[in-house]
Structures are given as C-alpha cells and as structure tokens.
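**Q** Dropping the structure in here first, questions after.
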Amino acid sequence: MMAALPIRQVEKPWGKDVLPAPFAAPEGTRIGEIWFEPPPELPELLVKYIFTSEKLSVQVHPSDAQTLARGIGRQGKEECWLIVAAEPGATLGIGFDTAIGEDELRAAALDGSIEDLMTWHAVKPGDFFYIPANTVHAIGAGVSLIEVQQNSDITYRLFDYGRPRELHLEEGMAVAQGEPYDLGSWNKAVPSRGSHVLVDGPLFLLDQIEGEPPAETAARFPEALLVIPREGDVIVAGETIAPGGCALAHALNDVVFGDETVCLLARGCPA
C-alpha cells in the first residue's frame with residue numbers, strides 16, 4: 001500500500017489559475033482546492049490546500065455534540081488554517097467586531113450586512129488560525145492556505161454574495177455564535193522554520209517540526225499519523241514524499257526526515 005495519499009484537484013469558479021509552488025493548475029482550469037483522501041487508518045482528519053481569487057461564503061459548522069443531538073452521528077467540524085501565500089490586502093473574516101444577538105445576525109445574513117459586521121484579519125504567510133465549531137467565518141480573496149479539519153462535509157452557508165448556491169440559514173442560525181473571535185487563544189504566527197505545537201487537541205493534534213522530531217513530539221505521535229512536507233522531501237515507508245504531498249505513516253519510525261526538512265504532523269484524538 002502506498003504511503004502517499006491520493007490527491008483530488010477540485011475546480012472552483014473562485015479558484016486560481018496560477019497556484020503557489022509547488023502546485024500548478026492545468027491549463028484552462030481554476031483550482032480552488034486540493035484534497036488528500038483520508039486513509040482508513042485516520043478517517044477522522046481531512047487535509048487540503050485552498051486557493052482563492054474571490055471571497056468564499058460566510059459560513060459556520062456545528063460541533064460533534066450538536067450533530068449527535070440531531071441524531072446524525074459525530075459530524076462536527078473544527079478546522080485550522082496555516083497561510084502559505086497571500087496577495088496584498090488578503091484577509092480572513094472570523095467572528096464579529098462586537099457581540100450581536102440572533103435576530104440581528106439573521107437580519108444581517110439576509111440583507112448581506114453580515115460581511116460588514118465581521119472582523120476581517122489581514123494575513124501573511126505563517127499566520128495560523130484555529131476555527132472552533134460555531135464560529136462564523138469566511139476566507140477572503142488572494143489567500144492560499146493549508147486546512148486541517150475534522151473530516152465532515154457539514155457546512156451551513158449564511159451568506160454567499162448573491163451566488164446561486166443553497167443557503168442554510170435556519171441550520172446555521174441554530175449553531176452560529178455572534179461573538180468576537182478570541183485571537184489570543186486561537187491565532188499565532190508560525191515561523192517558517194523550527195518545531196512548534198500548533199494544535200494540542202482535544203479533537204486533533206498538529207505540529208510543525210524541523211528535521212528529526214524531538215522526543216516530546218515523538219511522544220505526541222505514538223501511532224499512525226499524517227506527514228505533510230513543507231520544505232524538503234521526506235521518505236515514508238520507503239516512498240519519497242515531496243512538498244505538496246501528504247502521506248500516511250503507521251509510526252514515526254517509518255519516516256526519514258532530512259536535517260533541513262520542515263513538515264506538519266497530524267493525527268486525530270480518541271473520541
């Protein structure tokens with residue numbers, strides 16, 4: 001079985017025809033997302049790259065507790081974003097400038113003023129944001145990022161700039177929090193090199209490492225994990241994985257890291 005996860009390029013009208021290295025969009029296409037198919041050994045996580053030339057919809061995701069309460073199983077979605085490239089003026093919309101109530105939030109979603117009530121954060125490469133469930137958010141134009149998320153496709157669109165796509169106002173209002181985003185808890189600047197803990201649970205772990213993982217990192221990843229090279233190649237179970245790829249390793253011992261290699265490591269946490 002190959003270590004490298006199958007890649008799916010997803011065309012989107014809001015995607016880009018020129019992608020940051022090492023990616024390249026096929027001629028005549030606008031690639032919005034590159035997905036790595038979750039392996040059976042780690043079905044709870046989805047890794048993808050996202051590339052935007054336009055603002056994406058204002059949306060919100062439920063928590064595991066909320067989907068379980070609805071009787072549809074554990075399908076909550078928390079996610080995080082690591083910015084890999086950003087055009088001048090690129091932003092992410094996360095949370096609101098001030099707390100707003102449900103009635104005001106509903107009215108703002110209906111008339112489009114929700115966009116103006118949101119807090120838009122200027123971004124640059126290395127910026128990192130964790131997006132808890134129930135957080136209203138939108139990815140702006142000119143952004144390229146890595147997203148690591150719970151493997152759920154439940155997205156409630158609250159506003160979509162007039163695009164002819166389905167909205168989910170009632171479902172979204174049932175879970176959306178009209179609150180400011182807690183930058184101090186959920187945002188950090190990640191240096192391009194060095195080893196850093198990015199997410200420490202409770203749903204998944206995500207680390208950046210440079211070179212061979214230190215002992216404390218090895219202790220965090222005792223079993224199967226995803227390896228996402230950012231700089232330099234790694235070898236997973238004898239297979240070379242270059243930046244732009246993602247691989248399943250059954251154990252850290254199955255991975256050969258170069259001295260200059262920078263990787264992301266990810267795994268889910270037991271329910």
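Following the order of the structure tokens, chains are lettered A, B, ..., residues in each are numbered from 1, and ligands are numbered from 1.
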Which polymer residues have any atom within 9 Å of an atom of A:Gly95, counting only C-alpha atoms, with same-chain residues fewer than 6 positions away left out, as a PyMOL selection string?

**A** chain A and resi 117-120+135-137+177-182

**Q** If you count only C-alpha atoms, which residues fall within 12 Å of A:Pro38, apart from same-chain ones fewer than 3 positions away, as number ranges by chain?

**A** A: 3-8, 35, 41-48, 148-152, 225-226, 246-248, 266-268

**Q** What does the distance from atom CA of A:Ala251 to atom CA of A:Lys77 come to in Å, to one decimal?

**A**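 One can read the atom CA of A:Ala251 to atom CA of A:Lys77 distance as 25.7 Å.
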
**Q** As JSON, numbers by chain, please: all residues of stretch 127-206 of chain A that backbone DSSP puts in alpha helix (DSSP H).

**A** {"A": [169, 170, 171, 172, 173, 183, 184, 185, 186]}

**Q** Counting only C-alpha atoms, figure out which residue out of A:Asn134, A:Gln208, A:Thr217, A:Thr98 gets nearest to A:Thr67.

**A**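 Using only C-alpha atoms, the shortest distance to A:Thr67 belongs to A:Asn134.
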
**Q** Can you work out the spacing between atom CA of A:Tyr161 and atom CA of A:Trp14 in Å, to one decimal?

**A**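 Rounded to one decimal, the two atoms are 12.2 Å apart.
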
**Q** With stretch 19-22 of chain A as the partner and 9 Å as the cut-off, tabulate the residues of stretch 41-121 of chain A that qualify, each row holding the nearest pair of atoms and their distance in Å to one decimal, using only C-alpha atoms, sorted by chain and rising number, as CSV.

**A**
```
residue,atom,partner,partner_atom,distance
A:Phe51,CA,A:Leu19,CA,7.3
A:Val84,CA,A:Pro20,CA,8.4
A:Ala85,CA,A:Pro20,CA,7.1
```

**Q** Using only C-alpha atoms, determine which residues lie at most 7 Å from A:Thr155, disregarding the query and same-chain residues fewer than 3 positions distant; provide the list as a PyMOL selection string.

**A** chain A and resi 59-61

**Q** Output N, CA and C atoms of each residue in that selection to a file, as a PDB file, in the first residue's frame.

**A**
```pdb
ATOM      1  N   GLN A  59     -19.892  31.333   6.494  1.00  0.00           N
ATOM      2  CA  GLN A  59     -20.416  30.019   6.864  1.00  0.00           C
ATOM      3  C   GLN A  59     -20.109  29.695   8.314  1.00  0.00           C
ATOM      4  N   VAL A  60     -20.680  28.569   8.749  1.00  0.00           N
ATOM      5  CA  VAL A  60     -20.481  28.113  10.128  1.00  0.00           C
ATOM      6  C   VAL A  60     -20.642  26.597  10.129  1.00  0.00           C
ATOM      7  N   HIS A  61     -19.955  25.930  11.082  1.00  0.00           N
ATOM      8  CA  HIS A  61     -20.043  24.485  11.206  1.00  0.00           C
ATOM      9  C   HIS A  61     -20.531  24.111  12.613  1.00  0.00           C
TER      10      HIS A  61
END
```

**Q** I'd like the contact shell of A:Glu102 - 9 Å cut-off, only C-alpha atoms, skipping same-chain residues fewer than 3 positions apart - returned as a short mmCIF file (atom, residue, chain, number, x, y, z; two decimals) with N, CA, C and O atoms, in the first residue's frame.

**A**
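Done, and the output landed in result-v2.cif:
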```
data_model
loop_
_atom_site.label_atom_id
_atom_site.label_comp_id
_atom_site.auth_asym_id
_atom_site.auth_seq_id
_atom_site.Cartn_x
_atom_site.Cartn_y
_atom_site.Cartn_z
N LEU A 105 -28.22 38.92 13.82
CA LEU A 105 -27.41 38.06 12.95
C LEU A 105 -28.23 37.53 11.79
O LEU A 105 -27.78 37.53 10.63
N ARG A 106 -29.46 37.11 12.05
CA ARG A 106 -30.32 36.60 10.99
C ARG A 106 -30.61 37.70 9.96
O ARG A 106 -30.51 37.47 8.75
N ALA A 107 -30.95 38.90 10.44
CA ALA A 107 -31.24 40.00 9.53
C ALA A 107 -30.02 40.36 8.70
O ALA A 107 -30.13 40.65 7.50
N MET A 173 -28.23 29.34 11.84
CA MET A 173 -28.58 30.16 13.00
C MET A 173 -28.68 29.33 14.27
O MET A 173 -28.47 29.83 15.37
N ALA A 176 -24.71 29.13 15.11
CA ALA A 176 -23.79 30.26 14.97
C ALA A 176 -23.69 31.06 16.26
O ALA A 176 -24.69 31.33 16.92
N GLN A 177 -22.48 31.47 16.60
CA GLN A 177 -22.24 32.36 17.73
C GLN A 177 -21.94 33.76 17.20
O GLN A 177 -21.00 33.93 16.42
N GLY A 178 -22.70 34.73 17.63
CA GLY A 178 -22.47 36.11 17.20
C GLY A 178 -21.49 36.80 18.12
O GLY A 178 -21.84 37.78 18.79
#
```

**Q** To one decimal place, how far is atom CA of A:Gly258 from atom CA of A:Ile209 in Å?

**A** 11.0 Å

**Q** So which one's closest to A:Trp81, A:Pro125, A:Pro39, A:Pro164, A:Gly101? Using only C-alpha atoms, please.

**A**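 Under the stated criterion, the closest residue is A:Pro125.
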
**Q** Quick one: residues within 12 Å of A:Glu27, only C-alpha atoms counted, chain neighbours fewer than 3 positions away excluded, as JSON, numbers by chain?

**A** {"A": [11, 16, 17, 18, 19, 24, 30, 31]}

**Q** Deliver the residues from the most recent selection as a file, using N, CA and C atoms, as a compact mmCIF listing (two decimals), in the first residue's frame.

**A**
```txt
# COMPACT_ATOMS: atom_id res chain seq x y z
N GLU A 11 -11.90 21.87 -9.11
CA GLU A 11 -12.09 23.15 -9.79
C GLU A 11 -13.20 23.94 -9.10
N LYS A 16 -7.98 29.55 -8.45
CA LYS A 16 -6.91 30.31 -9.11
C LYS A 16 -6.33 29.50 -10.26
N ASP A 17 -5.95 30.22 -11.33
CA ASP A 17 -5.30 29.54 -12.45
C ASP A 17 -3.78 29.55 -12.32
N VAL A 18 -3.27 30.36 -11.39
CA VAL A 18 -1.83 30.35 -11.07
C VAL A 18 -1.71 30.03 -9.59
N LEU A 19 -1.11 28.90 -9.28
CA LEU A 19 -1.02 28.43 -7.90
C LEU A 19 0.40 28.63 -7.37
N ALA A 24 0.68 23.45 -9.69
CA ALA A 24 0.42 24.07 -10.99
C ALA A 24 -0.98 23.68 -11.43
N ARG A 30 -9.36 26.55 -13.07
CA ARG A 30 -9.21 27.35 -11.86
C ARG A 30 -9.35 26.38 -10.68
N ILE A 31 -8.23 26.09 -10.05
CA ILE A 31 -8.22 25.13 -8.95
C ILE A 31 -8.48 25.87 -7.64
```

**Q** When distances are computed from only C-alpha atoms, which of A:Gly245, A:Gly93, A:Pro132, A:Pro270 shows the smallest separation from A:Ser185?

**A**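 Closest candidate: A:Pro132.
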